[in-house]
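Q: Quick one: the structure is below, and I'll ask about it shortly.
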Amino acid sequence: MSTRYESVHSALLYPDAFRVDAPAVAVGREVWPRQPGVFIRVATAHETEPAEEAIAADQPQREPPKRELSAGQFGLVPRWVKSASDAKLRSTKLVNARSETVTTSNNFRDAWLAGQRCIVPMRAFVEDDWRSGKAVPTRIARVDGAPMGVAGLWESWTGAEGDVIVSYTLLTVNANSHALMSRYQQAGNEKRMLAILNEGAYDAWLGARPEKAKEFMRAYPANWLTANPMEKSRQ
């Protein structure tokens, strides 16, 4: 389970890599459960239809959905949670969502069916390498050093007293046969990896209907990733 990642902390990268405005405030370098982070979603004032269902032979293609950068808590808070204290307890366990069960999970189903998909920008994520018998935190990034866009879901929870928590989770896929990611996480457990999106699929992922969105849940090619053990203390 990926519970820690390195954010895109350089504001200059957002417009070029993700076609969104730079963050209004500084983004922390590392993001852990219940810490603030940023995600990209369809702009709330923009309505669109998925391209594959909106094109007719005699009609021009609709423009892609407009993206916006939003801030939220890492660790999803389902809308049915009753209290802020319950939200605090649950969100630390809901930083990842299994893509295979997202349509049936009580925690994530509402966000999925509502089309509340997002892209989480990151430079790298951290997984533990247990092959030595001890957990060795390992930084996994793209070979070319470019930022990654990971598929996620977002939610907005409103408490009885009007307090609001915007939150998000990262989607994962099976990695038992993945040439790189099968090395990580504890032995005997199913291997999982984040659902990293190709840049050319960003608009399609955000704009697809729920029944089509699962087509984007694929393992990212191993030869496009690099893994390096981390030092005990990083600045």
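Each chain in the structure tokens gets a letter, A, B, ..., in the order shown, and its residues are numbered from 1; ligands are numbered from 1 in order too.
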Which residues are close to Asp144 (chain A), i.e. within 12 Å by only C-alpha atoms, leaving aside same-chain residues fewer than 6 positions away? Reply as a list in words.

A: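 Here the qualifying residues turn out to be Arg123, Ala124, Asn223, Trp224, Leu225 and Thr226 of chain A.
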
Q: Go ahead and save the picked residues with C-alpha atoms, as a CSV table (one decimal), in the first residue's frame.

A:
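And here is the file that came out, part_38.csv:
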```
chain,number,residue,atom,x,y,z
A,123,ARG,CA,7.5,13.2,-8.4
A,124,ALA,CA,7.8,9.8,-6.8
A,223,ASN,CA,11.0,-0.1,-17.9
A,224,TRP,CA,9.5,3.4,-17.5
A,225,LEU,CA,10.2,3.4,-13.8
A,226,THR,CA,13.3,3.5,-11.6
```

Q: For the alpha helix (DSSP H) assignment from backbone DSSP, which residues of region 95-150 of chain A qualify? Please present them as a PyMOL selection string.

A: chain A and resi 109-113

Q: Would you save the residues of that selection, restricted to N, CA and C atoms, as a PDB file, in the first residue's frame?

A:
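Contents of the output file part_39.pdb:
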```
ATOM      1  N   ARG A 109     -17.489   3.779  -3.441  1.00  0.00           N
ATOM      2  CA  ARG A 109     -18.485   3.629  -4.502  1.00  0.00           C
ATOM      3  C   ARG A 109     -19.147   4.949  -4.888  1.00  0.00           C
ATOM      4  N   ASP A 110     -19.534   5.751  -3.896  1.00  0.00           N
ATOM      5  CA  ASP A 110     -20.227   7.004  -4.186  1.00  0.00           C
ATOM      6  C   ASP A 110     -19.369   7.943  -5.028  1.00  0.00           C
ATOM      7  N   ALA A 111     -18.101   8.065  -4.668  1.00  0.00           N
ATOM      8  CA  ALA A 111     -17.205   8.949  -5.419  1.00  0.00           C
ATOM      9  C   ALA A 111     -16.997   8.444  -6.838  1.00  0.00           C
ATOM     10  N   TRP A 112     -16.870   7.128  -6.983  1.00  0.00           N
ATOM     11  CA  TRP A 112     -16.665   6.558  -8.316  1.00  0.00           C
ATOM     12  C   TRP A 112     -17.883   6.780  -9.202  1.00  0.00           C
ATOM     13  N   LEU A 113     -19.060   6.445  -8.692  1.00  0.00           N
ATOM     14  CA  LEU A 113     -20.274   6.560  -9.493  1.00  0.00           C
ATOM     15  C   LEU A 113     -20.624   8.015  -9.809  1.00  0.00           C
TER      16      LEU A 113
END
```

Q: Rounded to one decimal, what separation in Å do you get between CA of His178 (chain A) and CA of Ala222 (chain A)?

A: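 CA of Ala222 (chain A) lies at a distance of 6.9 Å from CA of His178 (chain A).
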
Q: Env of Pro229 (chain A): 10 Å cut, atoms = only C-alpha atoms, seq-sep filter 5 positions within chain, self excluded. Answer as a list in words.

A: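 Near neighbours after the sequence-gap exclusion: Val126, Glu127, Asp128, Asp129, Val136, Pro137, Thr138, Arg139 and Ile140 of chain A.
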
Q: Enumerate, as a ChimeraX atom specification, the complete set of residues in region 31-231 of chain A that a backbone-based DSSP assignment places in strand (DSSP E or B).

A: /A:31,36-42,67-74,96-98,117-122,124-129,136-142,148-158,164-174,192-194,196-197,225-229

Q: Leaving out region 154-171 of chain A and any residue of its chain fewer than 6 positions from it, which residues lie within 8 Å of it when counting only C-alpha atoms, given as a count of residues only?

A: 27

Q: So which residues touch Met193 (chain A) within 10 Å, counting only C-alpha atoms, skipping near sequence neighbours fewer than 3 positions away, as a PyMOL selection string?

A: chain A and resi 1-2+96+98+125+127+170-176+178+180-182+184-185+196+218-220

Q: Between A:Asn107, A:Ser70, A:Ser7, A:Gln35, which residue has the minimum interatomic distance to Pro23 (chain A), considering only C-alpha atoms?

A: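 So, comparing all the options, the nearest one is A:Ser70.
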
Q: List the spatial neighbours of Ala187 (chain A) as a PyMOL selection string - criterion: any atom at most 9 Å away, only C-alpha atoms, same-chain residues fewer than 3 positions off excluded.

A: chain A and resi 130-131+183-184+190-191

Q: Could you save the residues just selected, with N, CA and C atoms, as a JSON list (two decimals), in the first residue's frame?

A:
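Written out: again_13.json:
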```json
[["chain", "number", "residue", "atom", "x", "y", "z"],
["A", 130, "TRP", "N", 11.32, -5.44, 1.24],
["A", 130, "TRP", "CA", 11.50, -6.38, 2.36],
["A", 130, "TRP", "C", 12.40, -7.56, 2.02],
["A", 131, "ARG", "N", 13.07, -7.53, 0.89],
["A", 131, "ARG", "CA", 13.84, -8.70, 0.46],
["A", 131, "ARG", "C", 15.01, -9.01, 1.37],
["A", 183, "ARG", "N", 8.59, -6.72, -6.47],
["A", 183, "ARG", "CA", 9.67, -6.85, -5.50],
["A", 183, "ARG", "C", 9.33, -6.22, -4.15],
["A", 184, "TYR", "N", 8.32, -5.37, -4.14],
["A", 184, "TYR", "CA", 8.09, -4.56, -2.95],
["A", 184, "TYR", "C", 6.87, -5.03, -2.15],
["A", 190, "GLU", "N", -0.62, -9.79, -1.52],
["A", 190, "GLU", "CA", -0.79, -9.40, -2.91],
["A", 190, "GLU", "C", 0.01, -8.12, -3.16],
["A", 191, "LYS", "N", 0.71, -8.07, -4.28],
["A", 191, "LYS", "CA", 1.47, -6.89, -4.63],
["A", 191, "LYS", "C", 0.56, -5.90, -5.36]]
```
